[in-house]
Amino acid sequence: MAPQLAVADGALGFWKAIDEVWPKTRAQRCWVHKTANVLNKLPKSLQAKAKRALQDIWMAETRTDAEAAFDGFIESYGVKYEKAVECLSKDREPLLAFYDFPAEHWKHLRTTDEIDKSFLLRDLLLWRGTGDRVAKSRARGCQPGRAAVTVAPHWRHPCAAYQDHAAAIG
C-alpha cells in the first residue's frame, strides 16, 4: 500500500525513487528547507521580513489563505528578486499539498525538521568527549552510530497526540 504523501527536502534522488516505487504518492516539500533556499536568494537586509511572509503561507488557516499569502509574496518580491520567487514558485503545489489533509496533521506534514533534529542528537552523542575537529567532521558524514541506535528507543516525539496514537496502535 503506497503512502498518500511523502515529505522531503529537494533531494532529487528521493523524489525519483518515490515516483518509481509509488507513482501515485503526492509530494510535500519541506518548508524549513525551502525557506532557507528562498532566503539565500535575498539580501540579508530583507531576510527577516521575507521569512515572516513565508511563514504567513505555511501558517495560514486555510489553503485559500495560503494561496493568497503565496501570491502576495510573489507580488512583493517578484520584480526585484526573481530568483527567490522562482525558487518558491516552482514548488507551489508540493509546498501546499499538506493543506489537503486534516489540519491536526499539518504540523507534521509540512516539514522534515523533526527528522533532521534527530541527527543533531546523533552528532552530539558521537562528538561528546572529543575536542578533535577531525572526529567532529567525520561524525557529520557518518550514518547513525551505536550511541544513536542505543538511545533511539528512548526518543520521544514532541507532540503528545502522536505519542498517544503510537501507544494506542501498539
# chains A, B, ... in the order shown; residues from 1 in each chain; ligands from 1

$ closest_atom_pairs --of "range 19-45 of chain A" --to "range 91-101 of chain A" --cutoff "7 Å" --atoms "only C-alpha atoms" --output "JSON lines"
{"residue": "A:Ala27", "atom": "CA", "partner": "A:Pro94", "partner_atom": "CA", "distance": 5.3}
{"residue": "A:Gln28", "atom": "CA", "partner": "A:Pro94", "partner_atom": "CA", "distance": 4.5}
{"residue": "A:Arg29", "atom": "CA", "partner": "A:Leu95", "partner_atom": "CA", "distance": 5.1}
{"residue": "A:Trp31", "atom": "CA", "partner": "A:Leu95", "partner_atom": "CA", "distance": 6.9}

$ write_last_selection --atoms "N, CA, C and O atoms" --output "PDB file, in the first residue's frame"
ATOM      1  N   ALA A  27       3.717  14.607  -3.400  1.00  0.00           N
ATOM      2  CA  ALA A  27       4.919  15.181  -2.808  1.00  0.00           C
ATOM      3  C   ALA A  27       4.574  16.360  -1.912  1.00  0.00           C
ATOM      4  O   ALA A  27       3.710  17.164  -2.236  1.00  0.00           O
ATOM      5  N   GLN A  28       5.268  16.458  -0.780  1.00  0.00           N
ATOM      6  CA  GLN A  28       5.205  17.626   0.089  1.00  0.00           C
ATOM      7  C   GLN A  28       6.641  18.075   0.330  1.00  0.00           C
ATOM      8  O   GLN A  28       7.430  17.344   0.911  1.00  0.00           O
ATOM      9  N   ARG A  29       6.976  19.250  -0.150  1.00  0.00           N
ATOM     10  CA  ARG A  29       8.313  19.796   0.074  1.00  0.00           C
ATOM     11  C   ARG A  29       8.397  20.355   1.492  1.00  0.00           C
ATOM     12  O   ARG A  29       7.449  20.937   2.008  1.00  0.00           O
ATOM     13  N   TRP A  31       9.048  22.824   4.297  1.00  0.00           N
ATOM     14  CA  TRP A  31       9.028  24.279   4.383  1.00  0.00           C
ATOM     15  C   TRP A  31      10.289  24.845   5.020  1.00  0.00           C
ATOM     16  O   TRP A  31      10.724  25.951   4.688  1.00  0.00           O
TER      17      TRP A  31
END

$ residues_around --residues "Arg26 in chain A" --least-positions-apart "2" --cutoff "7 Å" --atoms "only C-alpha atoms" --output "PDB file with C-alpha atoms, in the first residue's frame"
ATOM      1  CA  GLN A   4      -0.624   9.183   0.316  1.00  0.00           C
ATOM      2  CA  LEU A   5       2.080  11.813   0.846  1.00  0.00           C
ATOM      3  CA  ALA A   6       5.877  11.837   1.004  1.00  0.00           C
ATOM      4  CA  LYS A  24       0.527   7.863  -7.034  1.00  0.00           C
ATOM      5  CA  GLN A  28       5.205  17.626   0.089  1.00  0.00           C
TER       6      GLN A  28
END

$ closest_residue --among "A:Lys34, A:Lys49, A:Arg63, A:Lys44" --to "Ala11 in chain A" --atoms "only C-alpha atoms"
A:Lys34

$ atom_distance --atom1 "CA of Thr111 in chain A" --atom2 "CA of Val7 in chain A"
6.9 Å

$ decode --residues "range 58-72 of chain A" --atoms "all heavy atoms" --output "PDB file, in the first residue's frame"
ATOM      1  N   TRP A  58       2.729  29.111   5.160  1.00  0.00           N
ATOM      2  CA  TRP A  58       2.549  27.776   5.733  1.00  0.00           C
ATOM      3  C   TRP A  58       1.837  27.759   7.075  1.00  0.00           C
ATOM      4  O   TRP A  58       1.427  26.704   7.550  1.00  0.00           O
ATOM      5  CB  TRP A  58       3.845  26.983   5.780  1.00  0.00           C
ATOM      6  CG  TRP A  58       5.003  27.565   6.531  1.00  0.00           C
ATOM      7  CD1 TRP A  58       6.031  28.295   6.006  1.00  0.00           C
ATOM      8  CD2 TRP A  58       5.290  27.425   7.921  1.00  0.00           C
ATOM      9  NE1 TRP A  58       6.921  28.629   6.990  1.00  0.00           N
ATOM     10  CE2 TRP A  58       6.496  28.107   8.175  1.00  0.00           C
ATOM     11  CE3 TRP A  58       4.642  26.796   8.973  1.00  0.00           C
ATOM     12  CZ2 TRP A  58       7.075  28.172   9.435  1.00  0.00           C
ATOM     13  CZ3 TRP A  58       5.210  26.862  10.230  1.00  0.00           C
ATOM     14  CH2 TRP A  58       6.414  27.542  10.457  1.00  0.00           C
ATOM     15  N   MET A  59       1.628  28.944   7.664  1.00  0.00           N
ATOM     16  CA  MET A  59       0.872  29.013   8.917  1.00  0.00           C
ATOM     17  C   MET A  59      -0.573  29.471   8.686  1.00  0.00           C
ATOM     18  O   MET A  59      -1.322  29.653   9.648  1.00  0.00           O
ATOM     19  CB  MET A  59       1.563  29.976   9.893  1.00  0.00           C
ATOM     20  CG  MET A  59       2.936  29.511  10.352  1.00  0.00           C
ATOM     21  SD  MET A  59       2.880  28.037  11.386  1.00  0.00           S
ATOM     22  CE  MET A  59       2.188  28.696  12.869  1.00  0.00           C
ATOM     23  N   ALA A  60      -0.973  29.634   7.443  1.00  0.00           N
ATOM     24  CA  ALA A  60      -2.327  30.088   7.128  1.00  0.00           C
ATOM     25  C   ALA A  60      -3.371  29.086   7.625  1.00  0.00           C
ATOM     26  O   ALA A  60      -3.119  27.876   7.683  1.00  0.00           O
ATOM     27  CB  ALA A  60      -2.466  30.293   5.620  1.00  0.00           C
ATOM     28  N   GLU A  61      -4.537  29.592   7.965  1.00  0.00           N
ATOM     29  CA  GLU A  61      -5.619  28.759   8.494  1.00  0.00           C
ATOM     30  C   GLU A  61      -6.242  27.847   7.438  1.00  0.00           C
ATOM     31  O   GLU A  61      -6.735  26.775   7.769  1.00  0.00           O
ATOM     32  CB  GLU A  61      -6.713  29.644   9.097  1.00  0.00           C
ATOM     33  CG  GLU A  61      -6.287  30.355  10.363  1.00  0.00           C
ATOM     34  CD  GLU A  61      -6.100  29.405  11.538  1.00  0.00           C
ATOM     35  OE1 GLU A  61      -6.899  28.455  11.673  1.00  0.00           O
ATOM     36  OE2 GLU A  61      -5.150  29.614  12.295  1.00  0.00           O
ATOM     37  N   THR A  62      -6.224  28.283   6.184  1.00  0.00           N
ATOM     38  CA  THR A  62      -6.825  27.504   5.101  1.00  0.00           C
ATOM     39  C   THR A  62      -5.918  27.541   3.880  1.00  0.00           C
ATOM     40  O   THR A  62      -5.035  28.399   3.774  1.00  0.00           O
ATOM     41  CB  THR A  62      -8.201  28.067   4.686  1.00  0.00           C
ATOM     42  OG1 THR A  62      -8.007  29.373   4.117  1.00  0.00           O
ATOM     43  CG2 THR A  62      -9.163  28.145   5.861  1.00  0.00           C
ATOM     44  N   ARG A  63      -6.165  26.646   2.955  1.00  0.00           N
ATOM     45  CA  ARG A  63      -5.402  26.640   1.713  1.00  0.00           C
ATOM     46  C   ARG A  63      -5.638  27.939   0.930  1.00  0.00           C
ATOM     47  O   ARG A  63      -4.718  28.475   0.320  1.00  0.00           O
ATOM     48  CB  ARG A  63      -5.769  25.421   0.856  1.00  0.00           C
ATOM     49  CG  ARG A  63      -4.893  25.323  -0.381  1.00  0.00           C
ATOM     50  CD  ARG A  63      -5.284  24.146  -1.273  1.00  0.00           C
ATOM     51  NE  ARG A  63      -4.371  24.069  -2.378  1.00  0.00           N
ATOM     52  CZ  ARG A  63      -3.440  23.147  -2.528  1.00  0.00           C
ATOM     53  NH1 ARG A  63      -3.303  22.199  -1.627  1.00  0.00           N
ATOM     54  NH2 ARG A  63      -2.651  23.163  -3.576  1.00  0.00           N
ATOM     55  N   THR A  64      -6.869  28.440   0.951  1.00  0.00           N
ATOM     56  CA  THR A  64      -7.190  29.684   0.255  1.00  0.00           C
ATOM     57  C   THR A  64      -6.354  30.842   0.809  1.00  0.00           C
ATOM     58  O   THR A  64      -5.786  31.628   0.045  1.00  0.00           O
ATOM     59  CB  THR A  64      -8.693  30.004   0.391  1.00  0.00           C
ATOM     60  OG1 THR A  64      -9.439  28.883  -0.090  1.00  0.00           O
ATOM     61  CG2 THR A  64      -9.063  31.241  -0.396  1.00  0.00           C
ATOM     62  N   ASP A  65      -6.240  30.916   2.144  1.00  0.00           N
ATOM     63  CA  ASP A  65      -5.418  31.955   2.767  1.00  0.00           C
ATOM     64  C   ASP A  65      -3.945  31.760   2.414  1.00  0.00           C
ATOM     65  O   ASP A  65      -3.212  32.731   2.197  1.00  0.00           O
ATOM     66  CB  ASP A  65      -5.580  31.945   4.289  1.00  0.00           C
ATOM     67  CG  ASP A  65      -6.973  32.342   4.741  1.00  0.00           C
ATOM     68  OD1 ASP A  65      -7.718  32.945   3.929  1.00  0.00           O
ATOM     69  OD2 ASP A  65      -7.318  32.051   5.901  1.00  0.00           O
ATOM     70  N   ALA A  66      -3.517  30.513   2.360  1.00  0.00           N
ATOM     71  CA  ALA A  66      -2.122  30.217   1.999  1.00  0.00           C
ATOM     72  C   ALA A  66      -1.833  30.642   0.559  1.00  0.00           C
ATOM     73  O   ALA A  66      -0.779  31.222   0.277  1.00  0.00           O
ATOM     74  CB  ALA A  66      -1.831  28.730   2.182  1.00  0.00           C
ATOM     75  N   GLU A  67      -2.766  30.359  -0.325  1.00  0.00           N
ATOM     76  CA  GLU A  67      -2.583  30.751  -1.734  1.00  0.00           C
ATOM     77  C   GLU A  67      -2.520  32.268  -1.864  1.00  0.00           C
ATOM     78  O   GLU A  67      -1.717  32.796  -2.636  1.00  0.00           O
ATOM     79  CB  GLU A  67      -3.718  30.176  -2.589  1.00  0.00           C
ATOM     80  CG  GLU A  67      -3.774  28.660  -2.515  1.00  0.00           C
ATOM     81  CD  GLU A  67      -3.661  27.978  -3.855  1.00  0.00           C
ATOM     82  OE1 GLU A  67      -3.496  28.660  -4.870  1.00  0.00           O
ATOM     83  OE2 GLU A  67      -3.719  26.742  -3.854  1.00  0.00           O
ATOM     84  N   ALA A  68      -3.345  32.976  -1.096  1.00  0.00           N
ATOM     85  CA  ALA A  68      -3.318  34.435  -1.127  1.00  0.00           C
ATOM     86  C   ALA A  68      -1.972  34.962  -0.608  1.00  0.00           C
ATOM     87  O   ALA A  68      -1.392  35.892  -1.198  1.00  0.00           O
ATOM     88  CB  ALA A  68      -4.465  35.001  -0.298  1.00  0.00           C
ATOM     89  N   ALA A  69      -1.466  34.369   0.473  1.00  0.00           N
ATOM     90  CA  ALA A  69      -0.168  34.773   1.016  1.00  0.00           C
ATOM     91  C   ALA A  69       0.963  34.434   0.036  1.00  0.00           C
ATOM     92  O   ALA A  69       1.921  35.202  -0.115  1.00  0.00           O
ATOM     93  CB  ALA A  69       0.072  34.097   2.360  1.00  0.00           C
ATOM     94  N   PHE A  70       0.834  33.296  -0.632  1.00  0.00           N
ATOM     95  CA  PHE A  70       1.819  32.877  -1.645  1.00  0.00           C
ATOM     96  C   PHE A  70       1.859  33.922  -2.762  1.00  0.00           C
ATOM     97  O   PHE A  70       2.929  34.388  -3.156  1.00  0.00           O
ATOM     98  CB  PHE A  70       1.412  31.507  -2.202  1.00  0.00           C
ATOM     99  CG  PHE A  70       2.523  30.679  -2.755  1.00  0.00           C
ATOM    100  CD1 PHE A  70       2.989  29.582  -2.062  1.00  0.00           C
ATOM    101  CD2 PHE A  70       3.098  30.966  -3.982  1.00  0.00           C
ATOM    102  CE1 PHE A  70       4.015  28.791  -2.580  1.00  0.00           C
ATOM    103  CE2 PHE A  70       4.109  30.194  -4.506  1.00  0.00           C
ATOM    104  CZ  PHE A  70       4.579  29.097  -3.800  1.00  0.00           C
ATOM    105  N   ASP A  71       0.690  34.283  -3.265  1.00  0.00           N
ATOM    106  CA  ASP A  71       0.603  35.290  -4.321  1.00  0.00           C
ATOM    107  C   ASP A  71       1.139  36.642  -3.839  1.00  0.00           C
ATOM    108  O   ASP A  71       1.799  37.360  -4.601  1.00  0.00           O
ATOM    109  CB  ASP A  71      -0.835  35.431  -4.810  1.00  0.00           C
ATOM    110  CG  ASP A  71      -1.331  34.180  -5.537  1.00  0.00           C
ATOM    111  OD1 ASP A  71      -0.491  33.409  -6.037  1.00  0.00           O
ATOM    112  OD2 ASP A  71      -2.565  33.988  -5.597  1.00  0.00           O
ATOM    113  N   GLY A  72       0.880  36.974  -2.580  1.00  0.00           N
ATOM    114  CA  GLY A  72       1.392  38.210  -2.011  1.00  0.00           C
ATOM    115  C   GLY A  72       2.909  38.242  -1.965  1.00  0.00           C
ATOM    116  O   GLY A  72       3.541  39.263  -2.258  1.00  0.00           O
TER     117      GLY A  72
END
